[in-house]
Amino acid sequence: MKVVAYNIKTFEKAGLADFNHRKHRITLISNPLGEETVAYAAGKDAVIVSDNDVVSAPIINKLADMGIRYISTRSVHMDHIDAVAADKRNIKIANVALAQVAGQTIRNLDRWQRETNLAAGSRQKTA
């Protein structure tokens with residue numbers, strides 16, 4: 001998957017790289033997700049955010065319009081994400097406990113990629 005991770009702290013970079021093993025193309029940026037930075041998600045499949053990123057309905061709509069289908073948040077709670085707007089735009093959301101952030105984030109990406117590949121395979125068989 002092609003992914004952009006927002007609001008990445010220096011100490012998080014090594015953990016994501018270690019667990020990723022170069023399976024997913026992850027762009028790490030230190031900027032928070034917002035109106036000014038949402039464009040970094042263009043051409044990506046998923047975004048990774050933190051609990052400091054406010055993922056409002058307007059941001060969800062912009063992400064969906066760019067083709068984003070998944071949001072993974074590095075937080076226990078998800079109240080910073082407009083889940084209703086995400087559901088309306090068919091974007092799946094996953095959250096990760098802070099102690100397991102890097103490993104579980106990559107496992108979420110792996111699962112979503114498998115689901116995407118399975119769905120693409122079934123569409124090809126029916127075509």
# chains A, B, ... in the order shown; residues from 1 in each chain; ligands from 1
$ select_by_dssp --residues "stretch 53-90 of chain A" --states "helix (DSSP H, G or I)" --output "JSON, numbers by chain"
{"A": [57, 58, 59, 60, 61, 62, 63, 64, 65, 83, 84, 85, 86, 87, 88]}
$ closest_atom_pairs --of "stretch 33-94 of chain A" --to "stretch 106-112 of chain A" --cutoff "8 Å" --atoms "only C-alpha atoms" --output "Markdown table"
| residue | atom | partner | partner_atom | distance |
| --- | --- | --- | --- | --- |
| A:Tyr70 | CA | A:Trp112 | CA | 8.0 |
| A:Ser72 | CA | A:Asn108 | CA | 7.6 |
| A:Ala94 | CA | A:Asn108 | CA | 7.3 |
$ closest_residue --among "A:Ala64, A:Val4, A:Ala120, A:Ala86" --to "A:Ile48" --atoms "only C-alpha atoms"
A:Val4
$ closest_residue --among "A:Ala46, A:Val55, A:Lys9, A:Gln113" --to "A:Lys23" --atoms "only C-alpha atoms"
A:Gln113
$ atom_distance --atom1 "atom CA of A:Lys88" --atom2 "atom CA of A:Ile60"
9.6 Å
$ decode --residues "stretch 74-109 of chain A" --atoms "N, CA and C atoms" --output "JSON list (two decimals), in the first residue's frame"
[["chain", "number", "residue", "atom", "x", "y", "z"],
["A", 74, "ARG", "N", -2.85, 6.43, 15.52],
["A", 74, "ARG", "CA", -1.93, 6.00, 16.57],
["A", 74, "ARG", "C", -2.45, 6.53, 17.90],
["A", 75, "SER", "N", -3.57, 5.98, 18.33],
["A", 75, "SER", "CA", -4.18, 6.42, 19.58],
["A", 75, "SER", "C", -5.17, 5.37, 20.05],
["A", 76, "VAL", "N", -5.46, 5.40, 21.33],
["A", 76, "VAL", "CA", -6.42, 4.47, 21.89],
["A", 76, "VAL", "C", -7.84, 4.88, 21.49],
["A", 77, "HIS", "N", -8.11, 6.16, 21.53],
["A", 77, "HIS", "CA", -9.45, 6.65, 21.20],
["A", 77, "HIS", "C", -9.50, 7.16, 19.75],
["A", 78, "MET", "N", -10.71, 7.38, 19.28],
["A", 78, "MET", "CA", -10.88, 7.85, 17.90],
["A", 78, "MET", "C", -11.79, 9.07, 17.82],
["A", 79, "ASP", "N", -11.93, 9.79, 18.93],
["A", 79, "ASP", "CA", -12.85, 10.92, 18.92],
["A", 79, "ASP", "C", -12.33, 12.12, 18.14],
["A", 80, "HIS", "N", -11.12, 12.06, 17.64],
["A", 80, "HIS", "CA", -10.57, 13.13, 16.80],
["A", 80, "HIS", "C", -10.86, 12.88, 15.31],
["A", 81, "ILE", "N", -11.57, 11.78, 15.02],
["A", 81, "ILE", "CA", -11.92, 11.42, 13.64],
["A", 81, "ILE", "C", -13.44, 11.43, 13.52],
["A", 82, "ASP", "N", -13.94, 12.08, 12.49],
["A", 82, "ASP", "CA", -15.39, 12.09, 12.24],
["A", 82, "ASP", "C", -15.75, 10.74, 11.62],
["A", 83, "ALA", "N", -16.12, 9.79, 12.47],
["A", 83, "ALA", "CA", -16.41, 8.42, 12.03],
["A", 83, "ALA", "C", -17.65, 8.36, 11.15],
["A", 84, "VAL", "N", -18.61, 9.23, 11.38],
["A", 84, "VAL", "CA", -19.82, 9.25, 10.56],
["A", 84, "VAL", "C", -19.47, 9.67, 9.13],
["A", 85, "ALA", "N", -18.67, 10.71, 9.01],
["A", 85, "ALA", "CA", -18.24, 11.16, 7.67],
["A", 85, "ALA", "C", -17.41, 10.08, 6.98],
["A", 86, "ALA", "N", -16.54, 9.41, 7.74],
["A", 86, "ALA", "CA", -15.72, 8.34, 7.16],
["A", 86, "ALA", "C", -16.59, 7.20, 6.66],
["A", 87, "ASP", "N", -17.59, 6.83, 7.46],
["A", 87, "ASP", "CA", -18.50, 5.75, 7.06],
["A", 87, "ASP", "C", -19.28, 6.13, 5.80],
["A", 88, "LYS", "N", -19.74, 7.36, 5.74],
["A", 88, "LYS", "CA", -20.47, 7.83, 4.54],
["A", 88, "LYS", "C", -19.61, 7.77, 3.29],
["A", 89, "ARG", "N", -18.31, 7.98, 3.46],
["A", 89, "ARG", "CA", -17.38, 7.97, 2.32],
["A", 89, "ARG", "C", -16.68, 6.62, 2.16],
["A", 90, "ASN", "N", -17.15, 5.62, 2.92],
["A", 90, "ASN", "CA", -16.63, 4.25, 2.80],
["A", 90, "ASN", "C", -15.14, 4.14, 3.14],
["A", 91, "ILE", "N", -14.72, 4.90, 4.13],
["A", 91, "ILE", "CA", -13.34, 4.84, 4.61],
["A", 91, "ILE", "C", -13.32, 4.03, 5.90],
["A", 92, "LYS", "N", -12.46, 3.01, 5.94],
["A", 92, "LYS", "CA", -12.32, 2.18, 7.14],
["A", 92, "LYS", "C", -11.34, 2.86, 8.09],
["A", 93, "ILE", "N", -11.62, 2.71, 9.39],
["A", 93, "ILE", "CA", -10.78, 3.30, 10.43],
["A", 93, "ILE", "C", -10.31, 2.20, 11.38],
["A", 94, "ALA", "N", -9.04, 2.30, 11.78],
["A", 94, "ALA", "CA", -8.50, 1.40, 12.80],
["A", 94, "ALA", "C", -7.70, 2.23, 13.78],
["A", 95, "ASN", "N", -7.75, 1.84, 15.04],
["A", 95, "ASN", "CA", -6.92, 2.52, 16.03],
["A", 95, "ASN", "C", -5.98, 1.52, 16.67],
["A", 96, "VAL", "N", -4.93, 2.06, 17.26],
["A", 96, "VAL", "CA", -3.86, 1.23, 17.80],
["A", 96, "VAL", "C", -3.49, 1.73, 19.18],
["A", 97, "ALA", "N", -3.38, 0.81, 20.13],
["A", 97, "ALA", "CA", -2.91, 1.17, 21.47],
["A", 97, "ALA", "C", -1.47, 1.67, 21.37],
["A", 98, "LEU", "N", -1.14, 2.67, 22.13],
["A", 98, "LEU", "CA", 0.16, 3.32, 22.01],
["A", 98, "LEU", "C", 1.34, 2.37, 22.21],
["A", 99, "ALA", "N", 1.21, 1.38, 23.08],
["A", 99, "ALA", "CA", 2.32, 0.46, 23.33],
["A", 99, "ALA", "C", 2.62, -0.43, 22.13],
["A", 100, "GLN", "N", 1.67, -0.55, 21.22],
["A", 100, "GLN", "CA", 1.83, -1.46, 20.08],
["A", 100, "GLN", "C", 1.73, -0.72, 18.76],
["A", 101, "VAL", "N", 1.99, 0.55, 18.74],
["A", 101, "VAL", "CA", 1.73, 1.40, 17.59],
["A", 101, "VAL", "C", 2.35, 0.88, 16.30],
["A", 102, "ALA", "N", 3.64, 0.75, 16.27],
["A", 102, "ALA", "CA", 4.31, 0.42, 15.01],
["A", 102, "ALA", "C", 3.87, -0.94, 14.48],
["A", 103, "GLY", "N", 3.93, -1.96, 15.32],
["A", 103, "GLY", "CA", 3.57, -3.30, 14.85],
["A", 103, "GLY", "C", 2.14, -3.42, 14.40],
["A", 104, "GLN", "N", 1.21, -2.89, 15.19],
["A", 104, "GLN", "CA", -0.20, -3.01, 14.83],
["A", 104, "GLN", "C", -0.55, -2.13, 13.63],
["A", 105, "THR", "N", 0.08, -1.00, 13.49],
["A", 105, "THR", "CA", -0.16, -0.15, 12.32],
["A", 105, "THR", "C", 0.19, -0.90, 11.05],
["A", 106, "ILE", "N", 1.32, -1.55, 11.03],
["A", 106, "ILE", "CA", 1.74, -2.31, 9.85],
["A", 106, "ILE", "C", 0.81, -3.51, 9.65],
["A", 107, "ARG", "N", 0.40, -4.19, 10.71],
["A", 107, "ARG", "CA", -0.54, -5.31, 10.57],
["A", 107, "ARG", "C", -1.87, -4.84, 9.99],
["A", 108, "ASN", "N", -2.34, -3.66, 10.37],
["A", 108, "ASN", "CA", -3.56, -3.11, 9.77],
["A", 108, "ASN", "C", -3.37, -2.88, 8.28],
["A", 109, "LEU", "N", -2.24, -2.31, 7.90],
["A", 109, "LEU", "CA", -1.97, -2.09, 6.48],
["A", 109, "LEU", "C", -1.91, -3.41, 5.72]]
